[in-house]
Amino acid sequence: MSDTRSNDIPAIELRGLCKRYGSGDTAVDALKGVDMRIAPGEVVGLVGPSGSGKSTLLKSLGAVIDPTAGQMFLGGEAIFDGVWKVNDLRTLRRDRIGFVFQAPYLIPFLDVTDNVALLPMLAGKSNREARRRALELLEALDMGHRAKANPSQLSGGEQQRVSIARALANNPPIILADEPTAPLDSERALGVMGILNAMAQQHQTAIIVVTHDEKIIPLFKRIYHIRDGKTYEESVG
Amino acid sequence: MISLAARDIAHSWSKYVFTGVGLGLLIGVTLSMAGIYRGMVDDAQVLLRNSHADVWVVQKDTQGPYAESSSLPDDIYRGVLGMPGVEQAANVTYFTMQVQHQGKDTRVMVVGFEPGQPGAPPSLVAGRHVTRSHYEAVADVKAGFKLGEKIRIRRNDYTIVGLSQRTVSTGGDPMVFIPLADAQAAQFQKDNDAIVSGRERTAANPAFNRPSVPGLLEAVQASQITSHNVNAVLVRVRPGWDAAQVAADIQRWKHLQAYTYANMEEIAVQKLIATSAKQIGLFLVILTLVSTAIVSFIIYTMTLGKIREIAVLKLIGTRNSTIAWMILQESIGLGLVGFIIGKTVATLWAPVFPKYVLLLPLDAVLGLLVIVLVCTLASVMAIRAALKVDPAEAIGG
Ligand SMILES: Nc1ncnc2c1ncn2[C@@H]1O[C@H](COP(=O)(O)OP(=O)(O)OP(=O)(O)O)[C@@H](O)[C@H]1O
Ligand SMILES: [Mg+2]
């Protein structure tokens, strides 16, 4: 995969994206026409009160729930336009989207290297090639010395760095991060944000970070506020 | 691609081994059960083989002498010997009794035989054959006696002069071979009180106690305590003669029942142990069902414990088939661990069983196939649960 991601074409573009859970009397409109434009290499924050639709938005972007209406483009390609435009959402997730969660959710029975190497392996890379890629990323995230460790032997911050390495493993154009700093102290939280920013710069990855975390909010150049299923943009600095 | 199943097993191997041991013991019991059945069949067959007979002549309309009781006058064999095609014909008696050995009761089958004739003990593992016509015995090693020891059968002591091996009754009781005349006496021998009261009863019967016929009472009384009966006549057929034909002739001309080896085998295996075989068969089915339920439950619980990981695996693009394969492999892996442990314990504890446990390699192979099948079935529930996991769960609320 090349890093020649053009700045003209947004990495993510949403137009009027809607999501309704359920139907009839019990229907909940979680997203009521979300618009969003994120350029390659950009790291944006997504903040909003509880129940405002942040997770719903990430799940829609992550192609694990079906939006009800609107459009979604990834790298200029229409992914969703009332219906999914790609057949294989699993491959879409594997190759084009990296996920970082609040809890690192590493696979406990794989060592650090293979947790990261699993993605390239799933994408058909040889074990050797996949592990080389994993080690490269772990080195870059300053986790090379723990490559052979088990996830359970790592601290929370270390685990989070491994999960970031995993999100980057297939060099996806997009990373979706759901409260990645929540369980970390402020020093580690800033460290993780530093890494995400550096990776975005280096690989032109567009990153959306859902957060409540006051200490990292000042780090974003751009923040989307979401309230009641609608987004409001705010530019900082 | 790495094997997710192998990694998961390696990661939680202690849980795996413990579960495997539990399952293994269950499999061990199942294999032993099959071994017990095979042992029973073999016990029945070994008795027939050891008899060195081609035809069994027994009381008319009975399936004796092993499956039903049979009683014949002991001079019948002479007539049988005169039949065409008969090379040897010999009387035998069988009765089961408890013998005392070092303060312990052992159940044995006492065989009355004639040396050199069908029914005599097969080759010995120690000592010599019976050479005197009274009070010597050859015993199966399983009876626990040593050479030179005395064994008390009814009211007489017999010296053990030889030891045989795998000479057992259809019920698996070790055999003790004693001379025919002794056995006949012992089989029908009554205790003193019974003899005394029997004599009194006879004396009180005016038909036997006639003052006009001196000696009648004594003769009747004597006939009541001696026996001229045997349980079967074992026949060896001349080379070149058809045993079935010889048996048919004996049956027709002598008004007796005559069975060939194949007939006896059918009676011994299919009739005598039929109920036990069904019993064991049912037990095997239940054990298989229980094992399936246990493996299902274990694999299902193990999978439920991995829901989060499965959601993450799905989210990052793992195929459903890869996840199903992982669960299936783990299930079969557990079955294999269980099988190895089960086969080992079954082999280790087989000699401890009081009766013969015959572990056939074929049964082990069959068992292995059943286990693989059972584990495959058992993983279905877990695989269904895993496939239902929503990748969205990995993202959370
Ligand atoms: N599976 C669902 N079925 C029905 N309603 C749902 C479902 N998931 C979320 N909702 C509703 O959609 C709305 C948005 O939920 P969402 O989880 O996106 O909020 P959130 O911004 O992530 O909140 P939080 O900060 O608490 O995680 C809420 O009103 C919620 O109750
Ligand atoms: Mg949420």
# chains A, B, ... in the order shown; residues from 1 in each chain; ligands from 1
>>> residues_around(residues="B:Gln257", least_positions_apart="4", cutoff="6 Å", atoms="only C-alpha atoms", output="list of chain:residue names")
B:Val57, B:Val58, B:Gln59, B:Lys60, B:Gln251
>>> write_last_selection(atoms="N, CA, C and O atoms", output="compact mmCIF listing (two decimals), in the first residue's frame")
# COMPACT_ATOMS: atom_id res chain seq x y z
N VAL B 57 -22.07 -83.30 23.37
CA VAL B 57 -23.30 -84.09 23.50
C VAL B 57 -23.88 -83.79 24.88
O VAL B 57 -23.18 -83.93 25.90
N VAL B 58 -25.12 -83.36 24.90
CA VAL B 58 -25.74 -82.97 26.17
C VAL B 58 -27.14 -83.56 26.28
O VAL B 58 -27.65 -84.17 25.33
N GLN B 59 -27.75 -83.34 27.43
CA GLN B 59 -29.10 -83.84 27.67
C GLN B 59 -30.05 -83.32 26.61
O GLN B 59 -29.95 -82.17 26.18
N LYS B 60 -30.97 -84.17 26.21
CA LYS B 60 -31.90 -83.81 25.15
C LYS B 60 -32.69 -82.55 25.53
O LYS B 60 -33.09 -82.37 26.67
N GLN B 251 -27.39 -87.07 17.39
CA GLN B 251 -28.68 -86.54 17.82
C GLN B 251 -29.82 -87.48 17.39
O GLN B 251 -30.73 -87.76 18.16
>>> residues_near_ligand(ligand="ligand 1", cutoff="6 Å", atoms="only C-alpha atoms and all ligand atoms", output="ChimeraX atom specification")
/A:21,28,30,49-56 /B:397
>>> write_last_selection(atoms="N, CA and C atoms", output="PDB file, in the first residue's frame")
ATOM      1  N   TYR A  21     -32.340   2.942  15.241  1.00  0.00           N
ATOM      2  CA  TYR A  21     -32.405   1.617  15.865  1.00  0.00           C
ATOM      3  C   TYR A  21     -33.864   1.239  16.057  1.00  0.00           C
ATOM      4  N   VAL A  28     -35.321   4.466  17.821  1.00  0.00           N
ATOM      5  CA  VAL A  28     -34.426   5.507  18.343  1.00  0.00           C
ATOM      6  C   VAL A  28     -33.617   6.041  17.169  1.00  0.00           C
ATOM      7  N   ALA A  30     -30.543   7.492  16.345  1.00  0.00           N
ATOM      8  CA  ALA A  30     -29.256   7.758  16.995  1.00  0.00           C
ATOM      9  C   ALA A  30     -28.429   8.750  16.185  1.00  0.00           C
ATOM     10  N   PRO A  49     -22.044  14.309  24.640  1.00  0.00           N
ATOM     11  CA  PRO A  49     -22.543  13.713  25.869  1.00  0.00           C
ATOM     12  C   PRO A  49     -22.941  12.255  25.659  1.00  0.00           C
ATOM     13  N   SER A  50     -23.162  11.603  26.751  1.00  0.00           N
ATOM     14  CA  SER A  50     -23.538  10.192  26.688  1.00  0.00           C
ATOM     15  C   SER A  50     -24.855  10.033  25.942  1.00  0.00           C
ATOM     16  N   GLY A  51     -24.906   9.047  25.072  1.00  0.00           N
ATOM     17  CA  GLY A  51     -26.133   8.792  24.317  1.00  0.00           C
ATOM     18  C   GLY A  51     -26.283   9.676  23.107  1.00  0.00           C
ATOM     19  N   SER A  52     -25.245  10.460  22.773  1.00  0.00           N
ATOM     20  CA  SER A  52     -25.383  11.394  21.667  1.00  0.00           C
ATOM     21  C   SER A  52     -25.187  10.719  20.315  1.00  0.00           C
ATOM     22  N   GLY A  53     -24.616   9.511  20.313  1.00  0.00           N
ATOM     23  CA  GLY A  53     -24.473   8.800  19.036  1.00  0.00           C
ATOM     24  C   GLY A  53     -23.035   8.570  18.605  1.00  0.00           C
ATOM     25  N   LYS A  54     -22.072   8.764  19.496  1.00  0.00           N
ATOM     26  CA  LYS A  54     -20.662   8.623  19.121  1.00  0.00           C
ATOM     27  C   LYS A  54     -20.349   7.187  18.694  1.00  0.00           C
ATOM     28  N   SER A  55     -20.737   6.253  19.553  1.00  0.00           N
ATOM     29  CA  SER A  55     -20.442   4.853  19.222  1.00  0.00           C
ATOM     30  C   SER A  55     -21.181   4.425  17.968  1.00  0.00           C
ATOM     31  N   THR A  56     -22.411   4.914  17.832  1.00  0.00           N
ATOM     32  CA  THR A  56     -23.182   4.577  16.636  1.00  0.00           C
ATOM     33  C   THR A  56     -22.461   5.057  15.381  1.00  0.00           C
TER      34      THR A  56
ATOM     35  N   GLY B 397     -20.438   0.264  23.743  1.00  0.00           N
ATOM     36  CA  GLY B 397     -21.533   1.246  23.697  1.00  0.00           C
ATOM     37  C   GLY B 397     -21.117   2.675  23.675  1.00  0.00           C
TER      38      GLY B 397
END
>>> closest_atom_pairs(of="chain A", to="chain B", cutoff="6 Å", atoms="only C-alpha atoms", output="Markdown table")
| residue | atom | partner | partner_atom | distance |
| --- | --- | --- | --- | --- |
| A:Ser55 | CA | B:Gly397 | CA | 5.9 |
| A:Val64 | CA | B:Ala392 | CA | 5.3 |
| A:Arg90 | CA | B:Gly317 | CA | 4.8 |
| A:Thr91 | CA | B:Gly317 | CA | 5.9 |
| A:Arg93 | CA | B:Gly317 | CA | 5.9 |
| A:Arg94 | CA | B:Gly317 | CA | 4.5 |
| A:Ile107 | CA | B:Glu309 | CA | 5.9 |
| A:Phe109 | CA | B:Asp8 | CA | 5.0 |
| A:Met121 | CA | B:Met1 | CA | 5.3 |
| A:Asn127 | CA | B:Met1 | CA | 5.9 |
>>> residues_around(residues="stretch 46-54 of chain B", least_positions_apart="4", cutoff="6 Å", atoms="only C-alpha atoms", output="ChimeraX atom specification")
/B:42,118-119,234-236,260-261
>>> residues_around(residues="stretch 101-103 of chain A", least_positions_apart="4", cutoff="9 Å", atoms="only C-alpha atoms", output="PDB file with all heavy atoms, in the first residue's frame")
ATOM      1  N   GLY A 156      -1.312  -1.252  31.156  1.00  0.00           N
ATOM      2  CA  GLY A 156      -2.411  -0.737  30.341  1.00  0.00           C
ATOM      3  C   GLY A 156      -1.923   0.104  29.175  1.00  0.00           C
ATOM      4  O   GLY A 156      -2.393  -0.059  28.047  1.00  0.00           O
ATOM      5  N   GLN A 159      -0.314  -2.067  26.566  1.00  0.00           N
ATOM      6  CA  GLN A 159      -1.330  -2.793  25.794  1.00  0.00           C
ATOM      7  C   GLN A 159      -1.960  -1.880  24.749  1.00  0.00           C
ATOM      8  O   GLN A 159      -2.191  -2.274  23.614  1.00  0.00           O
ATOM      9  CB  GLN A 159      -2.426  -3.327  26.720  1.00  0.00           C
ATOM     10  CG  GLN A 159      -1.948  -4.448  27.607  1.00  0.00           C
ATOM     11  CD  GLN A 159      -3.091  -5.078  28.409  1.00  0.00           C
ATOM     12  OE1 GLN A 159      -4.228  -5.038  28.000  1.00  0.00           O
ATOM     13  NE2 GLN A 159      -2.755  -5.635  29.547  1.00  0.00           N
ATOM     14  N   GLN A 160      -2.204  -0.635  25.159  1.00  0.00           N
ATOM     15  CA  GLN A 160      -2.842   0.292  24.238  1.00  0.00           C
ATOM     16  C   GLN A 160      -1.918   0.573  23.047  1.00  0.00           C
ATOM     17  O   GLN A 160      -2.377   0.677  21.918  1.00  0.00           O
ATOM     18  CB  GLN A 160      -3.211   1.583  24.980  1.00  0.00           C
ATOM     19  CG  GLN A 160      -4.239   2.441  24.280  1.00  0.00           C
ATOM     20  CD  GLN A 160      -5.548   1.708  23.984  1.00  0.00           C
ATOM     21  OE1 GLN A 160      -5.582   0.794  23.161  1.00  0.00           O
ATOM     22  NE2 GLN A 160      -6.620   2.088  24.654  1.00  0.00           N
ATOM     23  N   SER A 163      -2.232  -2.251  20.755  1.00  0.00           N
ATOM     24  CA  SER A 163      -3.474  -2.233  19.977  1.00  0.00           C
ATOM     25  C   SER A 163      -3.404  -1.164  18.886  1.00  0.00           C
ATOM     26  O   SER A 163      -4.023  -1.314  17.836  1.00  0.00           O
ATOM     27  CB  SER A 163      -4.691  -2.074  20.885  1.00  0.00           C
ATOM     28  OG  SER A 163      -4.860  -0.738  21.252  1.00  0.00           O
ATOM     29  N   LEU A 176     -10.200   4.248  13.544  1.00  0.00           N
ATOM     30  CA  LEU A 176     -11.292   4.659  14.419  1.00  0.00           C
ATOM     31  C   LEU A 176     -10.903   4.302  15.842  1.00  0.00           C
ATOM     32  O   LEU A 176     -10.617   3.141  16.136  1.00  0.00           O
ATOM     33  CB  LEU A 176     -12.584   3.929  14.042  1.00  0.00           C
ATOM     34  CG  LEU A 176     -13.017   4.067  12.576  1.00  0.00           C
ATOM     35  CD1 LEU A 176     -14.241   3.198  12.303  1.00  0.00           C
ATOM     36  CD2 LEU A 176     -13.306   5.524  12.233  1.00  0.00           C
ATOM     37  N   ALA A 177     -10.854   5.304  16.701  1.00  0.00           N
ATOM     38  CA  ALA A 177     -10.421   5.056  18.078  1.00  0.00           C
ATOM     39  C   ALA A 177     -11.534   5.468  19.027  1.00  0.00           C
ATOM     40  O   ALA A 177     -11.999   6.601  18.998  1.00  0.00           O
ATOM     41  CB  ALA A 177      -9.142   5.828  18.369  1.00  0.00           C
ATOM     42  N   ASP A 178     -11.985   4.518  19.849  1.00  0.00           N
ATOM     43  CA  ASP A 178     -13.078   4.793  20.786  1.00  0.00           C
ATOM     44  C   ASP A 178     -12.501   4.945  22.185  1.00  0.00           C
ATOM     45  O   ASP A 178     -12.125   3.961  22.810  1.00  0.00           O
ATOM     46  CB  ASP A 178     -14.085   3.641  20.735  1.00  0.00           C
ATOM     47  CG  ASP A 178     -15.422   4.021  21.359  1.00  0.00           C
ATOM     48  OD1 ASP A 178     -15.550   5.183  21.816  1.00  0.00           O
ATOM     49  OD2 ASP A 178     -16.324   3.162  21.394  1.00  0.00           O
ATOM     50  N   GLU A 179     -12.407   6.154  22.628  1.00  0.00           N
ATOM     51  CA  GLU A 179     -11.859   6.467  23.953  1.00  0.00           C
ATOM     52  C   GLU A 179     -10.558   5.726  24.243  1.00  0.00           C
ATOM     53  O   GLU A 179     -10.465   4.996  25.231  1.00  0.00           O
ATOM     54  CB  GLU A 179     -12.893   6.120  25.037  1.00  0.00           C
ATOM     55  CG  GLU A 179     -14.246   6.713  24.705  1.00  0.00           C
ATOM     56  CD  GLU A 179     -14.970   7.218  25.930  1.00  0.00           C
ATOM     57  OE1 GLU A 179     -14.278   7.530  26.921  1.00  0.00           O
ATOM     58  OE2 GLU A 179     -16.197   7.320  25.873  1.00  0.00           O
ATOM     59  N   PRO A 180      -9.564   5.905  23.400  1.00  0.00           N
ATOM     60  CA  PRO A 180      -8.342   5.107  23.555  1.00  0.00           C
ATOM     61  C   PRO A 180      -7.544   5.476  24.800  1.00  0.00           C
ATOM     62  O   PRO A 180      -6.699   4.700  25.234  1.00  0.00           O
ATOM     63  CB  PRO A 180      -7.550   5.435  22.286  1.00  0.00           C
ATOM     64  CG  PRO A 180      -8.006   6.788  21.890  1.00  0.00           C
ATOM     65  CD  PRO A 180      -9.458   6.871  22.286  1.00  0.00           C
ATOM     66  N   THR A 181      -7.819   6.646  25.381  1.00  0.00           N
ATOM     67  CA  THR A 181      -6.985   7.073  26.510  1.00  0.00           C
ATOM     68  C   THR A 181      -7.721   6.952  27.830  1.00  0.00           C
ATOM     69  O   THR A 181      -7.161   7.247  28.878  1.00  0.00           O
ATOM     70  CB  THR A 181      -6.538   8.545  26.323  1.00  0.00           C
ATOM     71  OG1 THR A 181      -7.728   9.356  26.281  1.00  0.00           O
ATOM     72  CG2 THR A 181      -5.751   8.724  25.050  1.00  0.00           C
ATOM     73  N   ALA A 182      -8.973   6.498  27.781  1.00  0.00           N
ATOM     74  CA  ALA A 182      -9.788   6.500  28.999  1.00  0.00           C
ATOM     75  C   ALA A 182      -9.128   5.797  30.190  1.00  0.00           C
ATOM     76  O   ALA A 182      -9.148   6.335  31.295  1.00  0.00           O
ATOM     77  CB  ALA A 182     -11.156   5.906  28.712  1.00  0.00           C
ATOM     78  N   PRO A 183      -8.553   4.614  30.006  1.00  0.00           N
ATOM     79  CA  PRO A 183      -8.016   3.953  31.193  1.00  0.00           C
ATOM     80  C   PRO A 183      -6.599   4.410  31.560  1.00  0.00           C
ATOM     81  O   PRO A 183      -6.009   3.852  32.481  1.00  0.00           O
ATOM     82  CB  PRO A 183      -8.010   2.474  30.775  1.00  0.00           C
ATOM     83  CG  PRO A 183      -7.834   2.501  29.302  1.00  0.00           C
ATOM     84  CD  PRO A 183      -8.405   3.796  28.793  1.00  0.00           C
TER      85      PRO A 183
ATOM     86  N   ALA B 394     -17.426  -5.533  19.811  1.00  0.00           N
ATOM     87  CA  ALA B 394     -16.047  -5.191  20.128  1.00  0.00           C
ATOM     88  C   ALA B 394     -15.897  -3.687  20.339  1.00  0.00           C
ATOM     89  O   ALA B 394     -15.047  -3.239  21.102  1.00  0.00           O
ATOM     90  CB  ALA B 394     -15.122  -5.660  19.017  1.00  0.00           C
ATOM     91  N   ILE B 395     -16.735  -2.926  19.637  1.00  0.00           N
ATOM     92  CA  ILE B 395     -16.636  -1.472  19.782  1.00  0.00           C
ATOM     93  C   ILE B 395     -17.298  -1.014  21.071  1.00  0.00           C
ATOM     94  O   ILE B 395     -16.853  -0.069  21.708  1.00  0.00           O
ATOM     95  CB  ILE B 395     -17.253  -0.775  18.540  1.00  0.00           C
ATOM     96  CG1 ILE B 395     -16.416  -1.144  17.309  1.00  0.00           C
ATOM     97  CG2 ILE B 395     -17.295   0.725  18.729  1.00  0.00           C
ATOM     98  CD1 ILE B 395     -16.906  -0.531  16.027  1.00  0.00           C
ATOM     99  N   GLY B 396     -18.317  -1.726  21.491  1.00  0.00           N
ATOM    100  CA  GLY B 396     -18.960  -1.382  22.755  1.00  0.00           C
ATOM    101  C   GLY B 396     -19.931  -0.234  22.603  1.00  0.00           C
ATOM    102  O   GLY B 396     -20.254   0.179  21.494  1.00  0.00           O
TER     103      GLY B 396
END
>>> residues_around(residues="B:Ala277", least_positions_apart="3", cutoff="9 Å", atoms="only C-alpha atoms", output="compact mmCIF listing (two decimals) with N, CA and C atoms, in the first residue's frame")
# COMPACT_ATOMS: atom_id res chain seq x y z
N TYR B 37 -16.65 -56.22 27.58
CA TYR B 37 -17.49 -56.99 26.67
C TYR B 37 -16.63 -57.96 25.85
N MET B 40 -15.59 -60.80 27.89
CA MET B 40 -16.66 -61.78 28.10
C MET B 40 -16.78 -62.72 26.91
N VAL B 41 -16.72 -62.11 25.71
CA VAL B 41 -16.81 -62.93 24.50
C VAL B 41 -15.61 -63.88 24.46
N GLN B 270 -23.92 -65.67 21.83
CA GLN B 270 -25.12 -64.91 21.54
C GLN B 270 -26.24 -65.10 22.54
N ILE B 273 -24.33 -64.69 26.90
CA ILE B 273 -23.92 -63.36 27.36
C ILE B 273 -24.71 -62.26 26.67
N ALA B 274 -25.82 -62.66 26.02
CA ALA B 274 -26.58 -61.67 25.26
C ALA B 274 -27.07 -60.52 26.14
N ILE B 280 -24.07 -53.85 28.45
CA ILE B 280 -22.85 -53.08 28.20
C ILE B 280 -23.06 -52.15 27.01
N GLY B 281 -23.76 -52.65 25.99
CA GLY B 281 -24.02 -51.82 24.82
C GLY B 281 -24.76 -50.55 25.20
N LEU B 282 -25.77 -50.73 26.05
CA LEU B 282 -26.56 -49.57 26.49
C LEU B 282 -25.68 -48.61 27.28
>>> residues_around(residues="B:Arg152", least_positions_apart="3", cutoff="9 Å", atoms="only C-alpha atoms", output="list in words")
Val99, Gln100, His101, Arg155, Asn156, Asp157, Tyr158 and Thr159 of chain B
>>> write_last_selection(atoms="C-alpha atoms", output="compact mmCIF listing (two decimals), in the first residue's frame")
# COMPACT_ATOMS: atom_id res chain seq x y z
CA VAL B 99 -13.26 -72.43 47.49
CA GLN B 100 -11.32 -71.14 50.45
CA HIS B 101 -7.83 -69.88 49.88
CA ARG B 155 -15.20 -82.90 51.70
CA ASN B 156 -11.84 -83.77 50.12
CA ASP B 157 -8.49 -82.05 49.78
CA TYR B 158 -6.76 -81.99 46.39
CA THR B 159 -3.10 -81.21 45.81
>>> select_by_dssp(residues="stretch 50-222 of chain A", states="strand (DSSP E or B)", output="mmCIF file with N, CA, C and O atoms, in the first residue's frame")
data_model
loop_
_atom_site.group_PDB
_atom_site.id
_atom_site.type_symbol
_atom_site.label_atom_id
_atom_site.label_comp_id
_atom_site.auth_asym_id
_atom_site.auth_seq_id
_atom_site.Cartn_x
_atom_site.Cartn_y
_atom_site.Cartn_z
ATOM 1 N N ALA A 69 -29.735 5.682 6.271
ATOM 2 C CA ALA A 69 -29.774 6.553 5.093
ATOM 3 C C ALA A 69 -28.506 7.379 5.052
ATOM 4 O O ALA A 69 -27.724 7.391 5.993
ATOM 5 N N GLY A 70 -28.301 8.087 3.931
ATOM 6 C CA GLY A 70 -27.141 8.947 3.804
ATOM 7 C C GLY A 70 -26.071 8.316 2.947
ATOM 8 O O GLY A 70 -26.275 7.260 2.336
ATOM 9 N N GLN A 71 -24.927 8.971 2.931
ATOM 10 C CA GLN A 71 -23.832 8.504 2.101
ATOM 11 C C GLN A 71 -22.549 8.471 2.897
ATOM 12 O O GLN A 71 -22.342 9.271 3.817
ATOM 13 N N MET A 72 -21.701 7.557 2.486
ATOM 14 C CA MET A 72 -20.409 7.416 3.152
ATOM 15 C C MET A 72 -19.369 7.133 2.073
ATOM 16 O O MET A 72 -19.545 6.229 1.248
ATOM 17 N N PHE A 73 -18.316 7.942 2.074
ATOM 18 C CA PHE A 73 -17.237 7.751 1.098
ATOM 19 C C PHE A 73 -15.945 7.509 1.850
ATOM 20 O O PHE A 73 -15.654 8.198 2.839
ATOM 21 N N LEU A 74 -15.186 6.557 1.389
ATOM 22 C CA LEU A 74 -13.843 6.353 1.949
ATOM 23 C C LEU A 74 -12.861 6.547 0.802
ATOM 24 O O LEU A 74 -12.932 5.838 -0.202
ATOM 25 N N GLU A 77 -14.330 6.846 -2.591
ATOM 26 C CA GLU A 77 -15.163 5.744 -3.083
ATOM 27 C C GLU A 77 -16.448 5.667 -2.270
ATOM 28 O O GLU A 77 -16.414 5.707 -1.039
ATOM 29 N N ALA A 78 -17.576 5.587 -2.992
ATOM 30 C CA ALA A 78 -18.848 5.478 -2.281
ATOM 31 C C ALA A 78 -18.940 4.089 -1.658
ATOM 32 O O ALA A 78 -18.922 3.077 -2.356
ATOM 33 N N ILE A 79 -18.975 4.086 -0.332
ATOM 34 C CA ILE A 79 -19.057 2.816 0.391
ATOM 35 C C ILE A 79 -20.507 2.524 0.735
ATOM 36 O O ILE A 79 -20.963 1.394 0.695
ATOM 37 N N PHE A 80 -21.197 3.613 1.086
ATOM 38 C CA PHE A 80 -22.604 3.466 1.449
ATOM 39 C C PHE A 80 -23.392 4.584 0.785
ATOM 40 O O PHE A 80 -22.990 5.742 0.826
ATOM 41 N N ASP A 81 -24.472 4.189 0.156
ATOM 42 C CA ASP A 81 -25.331 5.195 -0.462
ATOM 43 C C ASP A 81 -26.745 4.654 -0.378
ATOM 44 O O ASP A 81 -27.279 4.108 -1.332
ATOM 45 N N VAL A 83 -27.574 2.009 0.565
ATOM 46 C CA VAL A 83 -27.218 0.603 0.820
ATOM 47 C C VAL A 83 -25.696 0.490 0.719
ATOM 48 O O VAL A 83 -25.032 1.390 0.206
ATOM 49 N N TRP A 84 -25.172 -0.627 1.209
ATOM 50 C CA TRP A 84 -23.722 -0.834 1.102
ATOM 51 C C TRP A 84 -23.347 -1.001 -0.355
ATOM 52 O O TRP A 84 -24.018 -1.696 -1.110
ATOM 53 N N ILE A 97 -9.651 -0.212 7.500
ATOM 54 C CA ILE A 97 -9.986 0.445 8.755
ATOM 55 C C ILE A 97 -9.207 -0.182 9.902
ATOM 56 O O ILE A 97 -9.147 -1.401 10.036
ATOM 57 N N GLY A 98 -8.596 0.684 10.714
ATOM 58 C CA GLY A 98 -7.949 0.193 11.925
ATOM 59 C C GLY A 98 -8.806 0.576 13.121
ATOM 60 O O GLY A 98 -9.433 1.632 13.131
ATOM 61 N N PHE A 99 -8.875 -0.325 14.106
ATOM 62 C CA PHE A 99 -9.699 -0.041 15.283
ATOM 63 C C PHE A 99 -8.844 0.026 16.535
ATOM 64 O O PHE A 99 -7.986 -0.832 16.759
ATOM 65 N N VAL A 100 -9.085 1.036 17.346
ATOM 66 C CA VAL A 100 -8.471 1.099 18.679
ATOM 67 C C VAL A 100 -9.617 1.312 19.661
ATOM 68 O O VAL A 100 -10.476 2.168 19.429
ATOM 69 N N ILE A 174 -7.670 4.709 7.385
ATOM 70 C CA ILE A 174 -8.524 5.247 8.442
ATOM 71 C C ILE A 174 -8.300 4.488 9.738
ATOM 72 O O ILE A 174 -8.197 3.255 9.720
ATOM 73 N N ILE A 175 -8.251 5.237 10.847
ATOM 74 C CA ILE A 175 -8.267 4.567 12.149
ATOM 75 C C ILE A 175 -9.409 5.140 12.969
ATOM 76 O O ILE A 175 -9.586 6.361 13.039
ATOM 77 N N LEU A 176 -10.200 4.248 13.544
ATOM 78 C CA LEU A 176 -11.292 4.659 14.419
ATOM 79 C C LEU A 176 -10.903 4.302 15.842
ATOM 80 O O LEU A 176 -10.617 3.141 16.136
ATOM 81 N N ALA A 177 -10.854 5.304 16.701
ATOM 82 C CA ALA A 177 -10.421 5.056 18.078
ATOM 83 C C ALA A 177 -11.534 5.468 19.027
ATOM 84 O O ALA A 177 -11.999 6.601 18.998
ATOM 85 N N ASP A 178 -11.985 4.518 19.849
ATOM 86 C CA ASP A 178 -13.078 4.793 20.786
ATOM 87 C C ASP A 178 -12.501 4.945 22.185
ATOM 88 O O ASP A 178 -12.125 3.961 22.810
ATOM 89 N N ALA A 206 -6.087 8.998 8.314
ATOM 90 C CA ALA A 206 -7.120 9.829 8.941
ATOM 91 C C ALA A 206 -7.575 9.121 10.208
ATOM 92 O O ALA A 206 -7.863 7.931 10.174
ATOM 93 N N ILE A 207 -7.575 9.887 11.320
ATOM 94 C CA ILE A 207 -7.909 9.239 12.587
ATOM 95 C C ILE A 207 -9.053 9.979 13.268
ATOM 96 O O ILE A 207 -9.013 11.204 13.398
ATOM 97 N N ILE A 208 -10.073 9.226 13.667
ATOM 98 C CA ILE A 208 -11.154 9.807 14.465
ATOM 99 C C ILE A 208 -11.016 9.275 15.876
ATOM 100 O O ILE A 208 -10.935 8.053 16.078
ATOM 101 N N VAL A 209 -10.943 10.191 16.833
ATOM 102 C CA VAL A 209 -10.791 9.772 18.220
ATOM 103 C C VAL A 209 -12.017 10.215 19.009
ATOM 104 O O VAL A 209 -12.249 11.408 19.193
ATOM 105 N N VAL A 210 -12.823 9.226 19.439
ATOM 106 C CA VAL A 210 -13.943 9.536 20.323
ATOM 107 C C VAL A 210 -13.370 9.735 21.715
ATOM 108 O O VAL A 210 -12.552 8.930 22.167
ATOM 109 N N ARG A 222 -9.011 19.899 15.131
ATOM 110 C CA ARG A 222 -10.410 19.981 14.758
ATOM 111 C C ARG A 222 -11.207 19.005 15.616
ATOM 112 O O ARG A 222 -10.765 17.879 15.854
#
